[in-house]
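Engineer: This is the structure I have questions about; it appears just below.
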Amino acid sequence: MEHVRIDISQDLDGDAVVHACFDLSPDEIAAAAHAVAATTGERFRMTDLSSDDVLELRELTALTDELGELTGGASTVVLKPARLSALRDAVIAFVESREQAEWIREEDRQPLALLREMLFPLEQLGAEATRAALSPLEHRSHG
């Protein structure tokens, strides 16, 4: 995870739009997509979903699709704070569940190693993106 930054721009109405931007290698992109897909599958195996569950499933599915579209070489990932939080939460769930398990599937080994290194930067970026979304003018003047 390199070139981590917060971008604040304005929409057509003049309101602040906050994006978290960072570069990932192809292996990191694949690991993140694997974690989101695995976490989504594990989290939503139940048959009865609440409306909140449906919204979360929809967000995670969109995130999986977005990561899947990043192909060939390192790519810049651009996420709104809410989607970054979904990514961070999925990565945390993936890493914690694999570390607590008595065994690990072979296809989880490489993503787990890469995602462990991404946990702290994702948490830091998530906190910064949330602060920027709550106070974009203050963040822009100090950032």
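Ligands are numbered from 1 in the order shown, residues from 1 within each chain, and chains are lettered A, B, ... in the order they appear in the structure tokens.
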Give me, as an MDAnalysis selection string, all polymer residues having an atom no more than 10 Å from Ala129 in chain A, counting only C-alpha atoms and skipping those fewer than 4 positions away in the same chain.
Structural biologist: chainID A and resid 5:8 18:21 79:82 84:85 123:125 133:136 139
Engineer: Please, could you write that set of residues out with N, CA and C atoms as a short mmCIF file (atom, residue, chain, number, x, y, z; two decimals), in the first residue's frame?
Structural biologist:
data_model
loop_
_atom_site.label_atom_id
_atom_site.label_comp_id
_atom_site.auth_asym_id
_atom_site.auth_seq_id
_atom_site.Cartn_x
_atom_site.Cartn_y
_atom_site.Cartn_z
N ARG A 5 -3.24 8.84 0.40
CA ARG A 5 -3.60 10.26 0.51
C ARG A 5 -5.12 10.42 0.56
N ILE A 6 -5.53 11.58 0.99
CA ILE A 6 -6.94 11.97 1.01
C ILE A 6 -7.12 13.05 -0.04
N ASP A 7 -8.13 12.88 -0.88
CA ASP A 7 -8.44 13.88 -1.91
C ASP A 7 -9.79 14.48 -1.57
N ILE A 8 -9.85 15.80 -1.51
CA ILE A 8 -11.10 16.50 -1.25
C ILE A 8 -11.38 17.41 -2.44
N VAL A 18 -15.08 13.56 -0.42
CA VAL A 18 -13.84 13.02 0.13
C VAL A 18 -13.59 11.64 -0.44
N HIS A 19 -12.36 11.43 -0.90
CA HIS A 19 -11.93 10.11 -1.38
C HIS A 19 -10.60 9.75 -0.74
N ALA A 20 -10.49 8.49 -0.36
CA ALA A 20 -9.21 7.95 0.08
C ALA A 20 -8.56 7.31 -1.14
N CYS A 21 -7.32 7.64 -1.38
CA CYS A 21 -6.61 7.13 -2.56
C CYS A 21 -5.34 6.42 -2.11
N LEU A 79 -11.58 5.34 -3.05
CA LEU A 79 -12.79 4.93 -2.34
C LEU A 79 -13.33 6.06 -1.48
N LYS A 80 -14.64 6.17 -1.42
CA LYS A 80 -15.27 7.08 -0.47
C LYS A 80 -15.07 6.48 0.92
N PRO A 81 -15.15 7.29 1.96
CA PRO A 81 -14.91 6.79 3.32
C PRO A 81 -15.76 5.57 3.71
N ALA A 82 -17.00 5.52 3.32
CA ALA A 82 -17.85 4.39 3.68
C ALA A 82 -17.37 3.09 3.03
N LEU A 84 -14.29 2.55 1.99
CA LEU A 84 -13.01 2.24 2.62
C LEU A 84 -13.25 1.52 3.95
N SER A 85 -14.24 1.95 4.71
CA SER A 85 -14.58 1.28 5.97
C SER A 85 -15.02 -0.16 5.72
N GLU A 123 -6.35 1.05 8.67
CA GLU A 123 -6.97 1.65 9.84
C GLU A 123 -6.64 3.14 9.94
N GLN A 124 -5.38 3.49 9.70
CA GLN A 124 -4.98 4.90 9.74
C GLN A 124 -5.71 5.71 8.66
N LEU A 125 -5.73 5.18 7.44
CA LEU A 125 -6.38 5.88 6.34
C LEU A 125 -7.87 6.01 6.60
N ALA A 133 -14.11 13.59 6.11
CA ALA A 133 -15.51 13.63 5.71
C ALA A 133 -16.35 14.45 6.70
N LEU A 134 -15.99 14.38 7.97
CA LEU A 134 -16.73 15.13 8.99
C LEU A 134 -16.38 16.61 8.99
N SER A 135 -15.14 16.95 8.65
CA SER A 135 -14.69 18.35 8.65
C SER A 135 -13.81 18.59 7.43
N PRO A 136 -14.39 18.59 6.23
CA PRO A 136 -13.54 18.70 5.03
C PRO A 136 -12.79 20.02 4.91
N HIS A 139 -9.82 19.87 7.30
CA HIS A 139 -8.81 18.93 6.81
C HIS A 139 -8.04 19.55 5.64
#
Engineer: Which residues in range 12-99 of chain A does DSSP call strand (DSSP E)? List them as a list in words.
Structural biologist: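 Of range 12-99 of chain A, the ones in strand (DSSP E) are Ala16, Val17, Val18, His19, Ala20, Cys21, Phe22, Asp23, Leu24, Ser75, Thr76, Val77, Val78 and Leu79 of chain A.
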Engineer: List as an mmCIF file with C-alpha atoms, in the first residue's frame the protein and nucleic acid residues near Ser75 in chain A, meaning an atom at most 9 Å away when only C-alpha atoms are counted, but skip any in the same chain fewer than 4 places from it.
Structural biologist:
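To be explicit, this is the file written out as around13.cif:
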data_model
loop_
_atom_site.group_PDB
_atom_site.id
_atom_site.type_symbol
_atom_site.label_atom_id
_atom_site.label_comp_id
_atom_site.auth_asym_id
_atom_site.auth_seq_id
_atom_site.Cartn_x
_atom_site.Cartn_y
_atom_site.Cartn_z
ATOM 1 C CA PHE A 22 -3.829 4.561 -2.431
ATOM 2 C CA ASP A 23 -1.818 2.376 -4.764
ATOM 3 C CA LEU A 24 -1.882 -1.415 -4.557
ATOM 4 C CA SER A 25 0.225 -3.995 -6.326
ATOM 5 C CA PRO A 26 -1.577 -6.687 -8.348
ATOM 6 C CA ILE A 29 -5.479 -6.108 -5.128
ATOM 7 C CA LEU A 70 -8.462 -3.340 -11.352
ATOM 8 C CA THR A 71 -6.275 -5.415 -13.623
#
Engineer: Output as CSV one row per residue of range 37-65 of chain A within 12 Å of range 107-120 of chain A: the closest atom pair and its distance in Å to one decimal place, counting only C-alpha atoms, sorted by chain and residue number ascending.
Structural biologist:
residue,atom,partner,partner_atom,distance
A:Ala37,CA,A:Asp108,CA,11.7
A:Ala38,CA,A:Asp108,CA,9.3
A:Thr39,CA,A:Asp108,CA,11.6
Engineer: Mind pulling up the distance from CA of Arg88 in chain A to CA of Thr61 in chain A?
Structural biologist: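 Pair CA of Thr61 in chain A / CA of Arg88 in chain A returns 14.4 Å.
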Engineer: Please identify the helix (DSSP H, G or I) residues within chain A (assignment by DSSP from backbone atoms) and present them as number ranges by chain.
Structural biologist: A: 26-43, 51-68, 81-100, 106-134, 136-142
